[in-house]
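Visitor: Here you go, this is structure26.txt (compact mmCIF, N, CA and C atoms).
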# COMPACT_ATOMS: atom_id res chain seq x y z
N MET N 1 19.11 -15.45 21.74
CA MET N 1 18.99 -14.35 20.81
C MET N 1 18.35 -13.15 21.51
N HIS N 2 18.94 -12.00 21.31
CA HIS N 2 18.37 -10.79 21.86
C HIS N 2 17.19 -10.35 21.00
N LEU N 3 16.15 -9.97 21.67
CA LEU N 3 14.94 -9.55 20.95
C LEU N 3 15.09 -8.13 20.41
N ALA N 4 16.02 -7.36 20.95
CA ALA N 4 16.15 -5.96 20.58
C ALA N 4 16.62 -5.78 19.14
N TYR N 5 17.48 -6.65 18.64
CA TYR N 5 18.03 -6.47 17.30
C TYR N 5 16.96 -6.58 16.21
N PRO N 6 16.18 -7.68 16.17
CA PRO N 6 15.14 -7.72 15.13
C PRO N 6 14.03 -6.70 15.38
N ALA N 7 13.77 -6.35 16.64
CA ALA N 7 12.73 -5.36 16.92
C ALA N 7 13.13 -3.97 16.41
N VAL N 8 14.38 -3.62 16.59
CA VAL N 8 14.86 -2.32 16.09
C VAL N 8 14.88 -2.31 14.57
N LEU N 9 15.31 -3.42 13.97
CA LEU N 9 15.31 -3.50 12.51
C LEU N 9 13.89 -3.42 11.96
N ALA N 10 12.97 -4.09 12.61
CA ALA N 10 11.57 -4.04 12.18
C ALA N 10 11.00 -2.63 12.35
N ALA N 11 11.36 -1.96 13.42
CA ALA N 11 10.89 -0.59 13.62
C ALA N 11 11.44 0.35 12.54
N LEU N 12 12.71 0.17 12.18
CA LEU N 12 13.28 0.98 11.11
C LEU N 12 12.62 0.69 9.76
N LEU N 13 12.36 -0.59 9.47
CA LEU N 13 11.68 -0.94 8.24
C LEU N 13 10.27 -0.36 8.20
N PHE N 14 9.57 -0.46 9.32
CA PHE N 14 8.21 0.06 9.38
C PHE N 14 8.20 1.58 9.23
N ALA N 15 9.15 2.26 9.88
CA ALA N 15 9.22 3.72 9.76
C ALA N 15 9.55 4.14 8.33
N THR N 16 10.43 3.39 7.67
CA THR N 16 10.76 3.69 6.27
C THR N 16 9.54 3.49 5.38
N GLY N 17 8.79 2.42 5.62
CA GLY N 17 7.57 2.18 4.85
C GLY N 17 6.51 3.23 5.10
N LEU N 18 6.38 3.65 6.35
CA LEU N 18 5.40 4.68 6.69
C LEU N 18 5.77 6.01 6.03
N TYR N 19 7.04 6.33 6.02
CA TYR N 19 7.49 7.54 5.33
C TYR N 19 7.17 7.45 3.84
N GLY N 20 7.39 6.27 3.25
CA GLY N 20 7.11 6.09 1.84
C GLY N 20 5.64 6.24 1.52
N VAL N 21 4.77 5.73 2.40
CA VAL N 21 3.33 5.87 2.17
C VAL N 21 2.90 7.32 2.27
N LEU N 22 3.44 8.05 3.24
CA LEU N 22 3.01 9.42 3.47
C LEU N 22 3.64 10.43 2.51
N ALA N 23 4.85 10.16 2.04
CA ALA N 23 5.58 11.17 1.28
C ALA N 23 5.55 10.95 -0.23
N ARG N 24 5.35 9.74 -0.67
CA ARG N 24 5.43 9.45 -2.11
C ARG N 24 4.13 9.82 -2.82
N ARG N 25 4.28 10.18 -4.08
CA ARG N 25 3.12 10.54 -4.89
C ARG N 25 2.80 9.45 -5.91
N ASN N 26 3.76 8.62 -6.24
CA ASN N 26 3.54 7.56 -7.21
C ASN N 26 2.86 6.38 -6.53
N ALA N 27 1.80 5.88 -7.13
CA ALA N 27 1.01 4.82 -6.51
C ALA N 27 1.79 3.52 -6.39
N ILE N 28 2.68 3.23 -7.33
CA ILE N 28 3.47 2.00 -7.26
C ILE N 28 4.45 2.08 -6.09
N LEU N 29 5.04 3.24 -5.86
CA LEU N 29 5.94 3.39 -4.72
C LEU N 29 5.19 3.30 -3.40
N VAL N 30 3.94 3.74 -3.38
CA VAL N 30 3.12 3.61 -2.18
C VAL N 30 2.85 2.13 -1.90
N LEU N 31 2.55 1.36 -2.94
CA LEU N 31 2.35 -0.08 -2.77
C LEU N 31 3.62 -0.77 -2.28
N MET N 32 4.77 -0.35 -2.80
CA MET N 32 6.03 -0.94 -2.33
C MET N 32 6.28 -0.59 -0.87
N SER N 33 5.90 0.59 -0.45
CA SER N 33 6.07 0.98 0.94
C SER N 33 5.15 0.18 1.86
N VAL N 34 3.95 -0.11 1.39
CA VAL N 34 3.04 -0.96 2.18
C VAL N 34 3.64 -2.35 2.33
N GLU N 35 4.25 -2.87 1.27
CA GLU N 35 4.91 -4.18 1.36
C GLU N 35 6.07 -4.15 2.35
N LEU N 36 6.79 -3.05 2.39
CA LEU N 36 7.88 -2.92 3.35
C LEU N 36 7.36 -2.93 4.77
N MET N 37 6.22 -2.28 4.99
CA MET N 37 5.61 -2.29 6.32
C MET N 37 5.14 -3.70 6.71
N LEU N 38 4.58 -4.43 5.76
CA LEU N 38 4.15 -5.80 6.04
C LEU N 38 5.34 -6.70 6.33
N ASN N 39 6.46 -6.49 5.66
CA ASN N 39 7.66 -7.27 5.96
C ASN N 39 8.20 -6.97 7.35
N ALA N 40 8.06 -5.74 7.79
CA ALA N 40 8.47 -5.40 9.16
C ALA N 40 7.60 -6.14 10.17
N VAL N 41 6.31 -6.24 9.89
CA VAL N 41 5.41 -6.99 10.76
C VAL N 41 5.79 -8.47 10.76
N ASN N 42 6.12 -9.02 9.60
CA ASN N 42 6.54 -10.42 9.52
C ASN N 42 7.80 -10.67 10.33
N LEU N 43 8.74 -9.75 10.27
CA LEU N 43 9.97 -9.89 11.06
C LEU N 43 9.67 -9.90 12.54
N ASN N 44 8.77 -9.04 12.97
CA ASN N 44 8.37 -9.02 14.39
C ASN N 44 7.68 -10.32 14.79
N LEU N 45 6.81 -10.83 13.95
CA LEU N 45 6.11 -12.06 14.27
C LEU N 45 7.07 -13.23 14.45
N VAL N 46 8.01 -13.36 13.55
CA VAL N 46 8.97 -14.46 13.65
C VAL N 46 9.90 -14.26 14.84
N ALA N 47 10.34 -13.02 15.08
CA ALA N 47 11.24 -12.77 16.21
C ALA N 47 10.57 -13.08 17.54
N PHE N 48 9.33 -12.67 17.69
CA PHE N 48 8.64 -12.96 18.95
C PHE N 48 8.29 -14.44 19.07
N ASP N 49 8.08 -15.12 17.96
CA ASP N 49 7.84 -16.55 18.00
C ASP N 49 9.08 -17.30 18.50
N VAL N 50 10.25 -16.88 18.01
CA VAL N 50 11.49 -17.51 18.46
C VAL N 50 11.77 -17.15 19.91
N TRP N 51 11.51 -15.90 20.27
CA TRP N 51 11.83 -15.46 21.63
C TRP N 51 10.93 -16.14 22.67
N LEU N 52 9.65 -16.34 22.34
CA LEU N 52 8.71 -16.97 23.27
C LEU N 52 8.80 -18.49 23.26
N ARG N 53 9.51 -19.05 22.27
CA ARG N 53 9.64 -20.50 22.12
C ARG N 53 8.27 -21.18 22.10
N ASP N 54 7.42 -20.66 21.25
CA ASP N 54 6.06 -21.18 21.13
C ASP N 54 6.11 -22.55 20.46
N THR N 55 5.44 -23.54 21.06
CA THR N 55 5.45 -24.89 20.50
C THR N 55 4.58 -25.01 19.27
N LEU N 56 3.57 -24.17 19.15
CA LEU N 56 2.71 -24.20 17.97
C LEU N 56 3.25 -23.35 16.82
N HIS N 57 4.26 -22.56 17.09
CA HIS N 57 4.84 -21.65 16.10
C HIS N 57 3.77 -20.77 15.48
N ALA N 58 2.99 -20.13 16.32
CA ALA N 58 1.89 -19.28 15.87
C ALA N 58 2.40 -18.06 15.11
N GLY N 59 3.54 -17.52 15.50
CA GLY N 59 4.10 -16.36 14.81
C GLY N 59 4.48 -16.69 13.38
N GLN N 60 5.06 -17.86 13.18
CA GLN N 60 5.44 -18.26 11.83
C GLN N 60 4.21 -18.58 10.98
N ALA N 61 3.19 -19.15 11.60
CA ALA N 61 1.94 -19.41 10.87
C ALA N 61 1.27 -18.11 10.46
N LEU N 62 1.24 -17.14 11.36
CA LEU N 62 0.67 -15.83 11.01
C LEU N 62 1.49 -15.14 9.92
N THR N 63 2.79 -15.37 9.93
CA THR N 63 3.65 -14.79 8.90
C THR N 63 3.29 -15.36 7.52
N LEU N 64 3.00 -16.65 7.46
CA LEU N 64 2.60 -17.24 6.18
C LEU N 64 1.28 -16.64 5.69
N PHE N 65 0.34 -16.42 6.60
CA PHE N 65 -0.92 -15.79 6.21
C PHE N 65 -0.68 -14.35 5.75
N THR N 66 0.20 -13.65 6.42
CA THR N 66 0.50 -12.27 6.04
C THR N 66 1.15 -12.21 4.67
N ILE N 67 2.02 -13.17 4.37
CA ILE N 67 2.65 -13.22 3.05
C ILE N 67 1.61 -13.48 1.98
N ALA N 68 0.67 -14.37 2.25
CA ALA N 68 -0.38 -14.67 1.27
C ALA N 68 -1.27 -13.45 1.05
N ILE N 69 -1.62 -12.76 2.10
CA ILE N 69 -2.45 -11.55 1.98
C ILE N 69 -1.68 -10.45 1.24
N ALA N 70 -0.39 -10.33 1.51
CA ALA N 70 0.43 -9.32 0.84
C ALA N 70 0.53 -9.61 -0.65
N ALA N 71 0.64 -10.88 -1.02
CA ALA N 71 0.72 -11.24 -2.44
C ALA N 71 -0.60 -10.90 -3.14
N ALA N 72 -1.71 -11.20 -2.49
CA ALA N 72 -3.01 -10.86 -3.08
C ALA N 72 -3.19 -9.35 -3.17
N GLU N 73 -2.75 -8.64 -2.15
CA GLU N 73 -2.89 -7.18 -2.13
C GLU N 73 -2.07 -6.53 -3.23
N ILE N 74 -0.85 -7.01 -3.42
CA ILE N 74 -0.01 -6.39 -4.45
C ILE N 74 -0.52 -6.73 -5.85
N GLY N 75 -1.09 -7.92 -6.02
CA GLY N 75 -1.64 -8.28 -7.32
C GLY N 75 -2.85 -7.43 -7.68
N ILE N 76 -3.77 -7.29 -6.76
CA ILE N 76 -4.97 -6.49 -7.01
C ILE N 76 -4.62 -5.01 -7.08
N GLY N 77 -3.75 -4.56 -6.19
CA GLY N 77 -3.36 -3.14 -6.18
C GLY N 77 -2.64 -2.75 -7.45
N LEU N 78 -1.76 -3.61 -7.94
CA LEU N 78 -1.04 -3.31 -9.17
C LEU N 78 -1.97 -3.30 -10.37
N ALA N 79 -2.95 -4.20 -10.37
CA ALA N 79 -3.94 -4.21 -11.46
C ALA N 79 -4.76 -2.92 -11.45
N ILE N 80 -5.14 -2.45 -10.27
CA ILE N 80 -5.90 -1.20 -10.17
C ILE N 80 -5.06 -0.02 -10.62
N VAL N 81 -3.81 0.02 -10.20
CA VAL N 81 -2.93 1.12 -10.58
C VAL N 81 -2.72 1.13 -12.09
N LEU N 82 -2.53 -0.04 -12.70
CA LEU N 82 -2.35 -0.08 -14.16
C LEU N 82 -3.59 0.36 -14.91
N MET N 83 -4.77 0.00 -14.43
CA MET N 83 -6.00 0.44 -15.09
C MET N 83 -6.21 1.95 -14.93
N VAL N 84 -5.89 2.48 -13.76
CA VAL N 84 -6.00 3.92 -13.55
C VAL N 84 -5.00 4.64 -14.44
N TYR N 85 -3.80 4.09 -14.59
CA TYR N 85 -2.79 4.71 -15.46
C TYR N 85 -3.24 4.70 -16.92
N ARG N 86 -3.86 3.61 -17.34
CA ARG N 86 -4.35 3.55 -18.72
C ARG N 86 -5.47 4.55 -18.96
N ASN N 87 -6.34 4.73 -17.98
CA ASN N 87 -7.48 5.63 -18.15
C ASN N 87 -7.09 7.09 -17.96
N ARG N 88 -6.27 7.39 -16.98
CA ARG N 88 -5.93 8.78 -16.64
C ARG N 88 -4.61 9.25 -17.22
N GLY N 89 -3.69 8.35 -17.50
CA GLY N 89 -2.39 8.75 -18.02
C GLY N 89 -1.39 9.12 -16.94
N THR N 90 -1.73 8.93 -15.68
CA THR N 90 -0.81 9.23 -14.59
C THR N 90 -1.09 8.29 -13.42
N SER N 91 -0.04 8.05 -12.64
CA SER N 91 -0.22 7.27 -11.41
C SER N 91 0.06 8.14 -10.19
N ASP N 92 0.01 9.45 -10.38
CA ASP N 92 0.23 10.39 -9.29
C ASP N 92 -0.99 10.38 -8.37
N VAL N 93 -0.76 10.11 -7.09
CA VAL N 93 -1.86 9.96 -6.14
C VAL N 93 -2.60 11.28 -5.94
N ASP N 94 -1.89 12.39 -5.94
CA ASP N 94 -2.53 13.69 -5.73
C ASP N 94 -3.48 14.04 -6.87
N LYS N 95 -3.17 13.65 -8.09
CA LYS N 95 -4.05 13.94 -9.23
C LYS N 95 -5.24 13.01 -9.29
N LEU N 96 -5.23 11.93 -8.54
CA LEU N 96 -6.33 10.97 -8.56
C LEU N 96 -7.34 11.23 -7.46
N ARG N 97 -7.12 12.21 -6.62
CA ARG N 97 -8.04 12.46 -5.51
C ARG N 97 -9.38 13.00 -5.98
N ASP N 98 -9.44 13.64 -7.12
CA ASP N 98 -10.72 14.18 -7.59
C ASP N 98 -11.70 13.09 -7.96
N THR N 99 -11.23 11.88 -8.24
CA THR N 99 -12.16 10.79 -8.54
C THR N 99 -12.91 10.34 -7.30
N ALA N 100 -12.29 10.41 -6.14
CA ALA N 100 -12.92 9.96 -4.90
C ALA N 100 -13.79 11.07 -4.30
N GLU N 101 -13.42 12.32 -4.50
CA GLU N 101 -14.13 13.41 -3.85
C GLU N 101 -15.39 13.83 -4.60
N GLY N 102 -15.45 13.59 -5.87
CA GLY N 102 -16.64 13.96 -6.64
C GLY N 102 -16.66 15.44 -6.98
N HIS N 103 -17.85 15.93 -7.28
CA HIS N 103 -18.01 17.33 -7.67
C HIS N 103 -18.42 18.18 -6.47
N GLU N 104 -18.24 19.48 -6.64
CA GLU N 104 -18.65 20.40 -5.59
C GLU N 104 -20.18 20.46 -5.55
N PRO N 105 -20.77 20.74 -4.38
CA PRO N 105 -22.23 20.70 -4.27
C PRO N 105 -22.94 21.71 -5.15
N GLY N 106 -22.38 22.89 -5.41
CA GLY N 106 -23.08 23.91 -6.17
C GLY N 106 -22.95 23.78 -7.67
N ARG N 107 -22.02 22.97 -8.15
CA ARG N 107 -21.77 22.86 -9.57
C ARG N 107 -22.57 21.73 -10.18
N PRO N 108 -23.04 21.90 -11.42
CA PRO N 108 -23.76 20.79 -12.08
C PRO N 108 -22.78 19.69 -12.47
N ASP N 109 -23.31 18.51 -12.67
CA ASP N 109 -22.51 17.36 -13.04
C ASP N 109 -22.19 17.45 -14.53
N ASP N 110 -20.90 17.58 -14.88
CA ASP N 110 -20.48 17.71 -16.27
C ASP N 110 -20.37 16.37 -16.97
N SER N 111 -20.41 15.27 -16.23
CA SER N 111 -20.22 13.97 -16.85
C SER N 111 -21.42 13.55 -17.68
N ALA N 112 -22.60 14.15 -17.44
CA ALA N 112 -23.79 13.79 -18.20
C ALA N 112 -23.76 14.38 -19.61
N ASP N 113 -23.00 15.46 -19.80
CA ASP N 113 -22.93 16.12 -21.10
C ASP N 113 -21.84 15.45 -21.93
N ILE N 114 -22.22 14.78 -23.01
CA ILE N 114 -21.27 14.03 -23.81
C ILE N 114 -20.37 14.96 -24.62
N THR N 115 -20.83 16.13 -24.98
CA THR N 115 -20.05 17.03 -25.82
C THR N 115 -18.86 17.62 -25.11
N THR N 116 -18.81 17.58 -23.78
CA THR N 116 -17.69 18.17 -23.06
C THR N 116 -16.52 17.20 -22.96
N ARG N 117 -16.73 15.93 -23.28
CA ARG N 117 -15.63 14.98 -23.21
C ARG N 117 -14.72 15.18 -24.40
N PRO N 118 -13.41 15.29 -24.19
CA PRO N 118 -12.50 15.61 -25.30
C PRO N 118 -12.43 14.53 -26.37
N GLU N 119 -12.57 13.26 -26.02
CA GLU N 119 -12.44 12.23 -27.04
C GLU N 119 -13.66 12.18 -27.95
N VAL N 120 -14.83 12.64 -27.46
CA VAL N 120 -16.02 12.67 -28.31
C VAL N 120 -16.04 13.94 -29.15
N ALA N 121 -15.60 15.07 -28.58
CA ALA N 121 -15.64 16.35 -29.28
C ALA N 121 -14.61 16.41 -30.39
N ALA N 122 -13.49 15.68 -30.25
CA ALA N 122 -12.43 15.78 -31.24
C ALA N 122 -12.71 14.98 -32.48
Could the structure of this file be written out as structure tokens, please?
Guide:
Amino acid sequence: MHLAYPAVLAALLFATGLYGVLARRNAILVLMSVELMLNAVNLNLVAFDVWLRDTLHAGQALTLFTIAIAAAEIGIGLAIVLMVYRNRGTSDVDKLRDTAEGHEPGRPDDSADITTRPEVAA
């Protein structure tokens, strides 16, 4: 088996996943792109395991660990995205950046004032 065929396919899958992570705004599509990148890594691991004729099949064993980690990552990531969508009403990554960055240094913290929250004032 030629190693070039699965390596090129894995490179294309990884590049597609990287483009999806960098260009997409929807958090679910970003998670799907991360899964695509992990599948490209799995393809490389299995291809190199077959090419090296490893007696321990370390590439296939690492692939199983990667699949388990990917399943846990997508479960936790999807739960986080759903909770953020319920709280914020959007899964747009650009609109969620203000939660990580906090407030500007010169401005007072508005979260302490209960009357400014729309659900309490209404």
Visitor: Write out as JSON an axis-aligned box for range 43-51 of chain N: all of its atoms listed in the file, 8 Å added on each side, centre and edge lengths in Å with one decimal.
Guide:
{"center_x": 9.0, "center_y": -13.3, "center_z": 16.5, "size_x": 21.7, "size_y": 24.5, "size_z": 28.4}
Visitor: Between N:Ala68, N:Val8, N:Ala58, N:Leu78, single out the one closest to Leu31 in chain N, counting only C-alpha atoms.
Guide: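 Checking each of N:Ala68, N:Val8, N:Ala58, N:Leu78 against Leu31 in chain N, counting only C-alpha atoms, the winner is N:Leu78.
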Visitor: Could you tell me which of N:Arg97, N:His57, N:Ser91, N:Tyr5 comes closest to Arg25 in chain N if we count all atoms listed in the file?
Guide: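 Nearest candidate to Arg25 in chain N out of N:Arg97, N:His57, N:Ser91, N:Tyr5: N:Ser91.
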Visitor: Which is closer to Val34 in chain N than all the others in N:Leu9, N:Ile74, N:Leu96, N:Leu82, using only C-alpha atoms?
Guide: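 That would be N:Ile74, the residue with the smallest distance to Val34 in chain N.
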Visitor: Tell me which of N:Met83, N:Trp51, N:Leu64, N:Ser33 sits closest to Val21 in chain N, counting all atoms listed in the file.
Guide: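 Checking each candidate against Val21 in chain N, we get N:Ser33 as the closest.
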Visitor: Tell me, as a list in words, which residues lie within 12 Å of Pro6 in chain N, counting only C-alpha atoms; anything in the same chain fewer than 6 positions away does not count.
Guide: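 That gives Leu12, Leu13, Phe14, Asn39, Ala40, Val41, Asn42, Leu43, Asn44, Leu45, Val46, Ala47, Phe48, Asp49, Val50 and Trp51 of chain N.
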Visitor: Between atom C of Val93 in chain N and CA of Val81 in chain N, what is the distance in Å, rounded to a tenth?
Guide: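 Separation between atom C of Val93 in chain N and CA of Val81 in chain N: 11.2 Å.
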Visitor: Could you please determine the separation between atom N of Phe65 in chain N and atom C of Met37 in chain N in Å, to one decimal place?
Guide: 13.6 Å
Visitor: How many Å separate atom C of Ala72 in chain N from atom N of Glu35 in chain N?
Guide: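 Separation between atom C of Ala72 in chain N and atom N of Glu35 in chain N: 10.8 Å.
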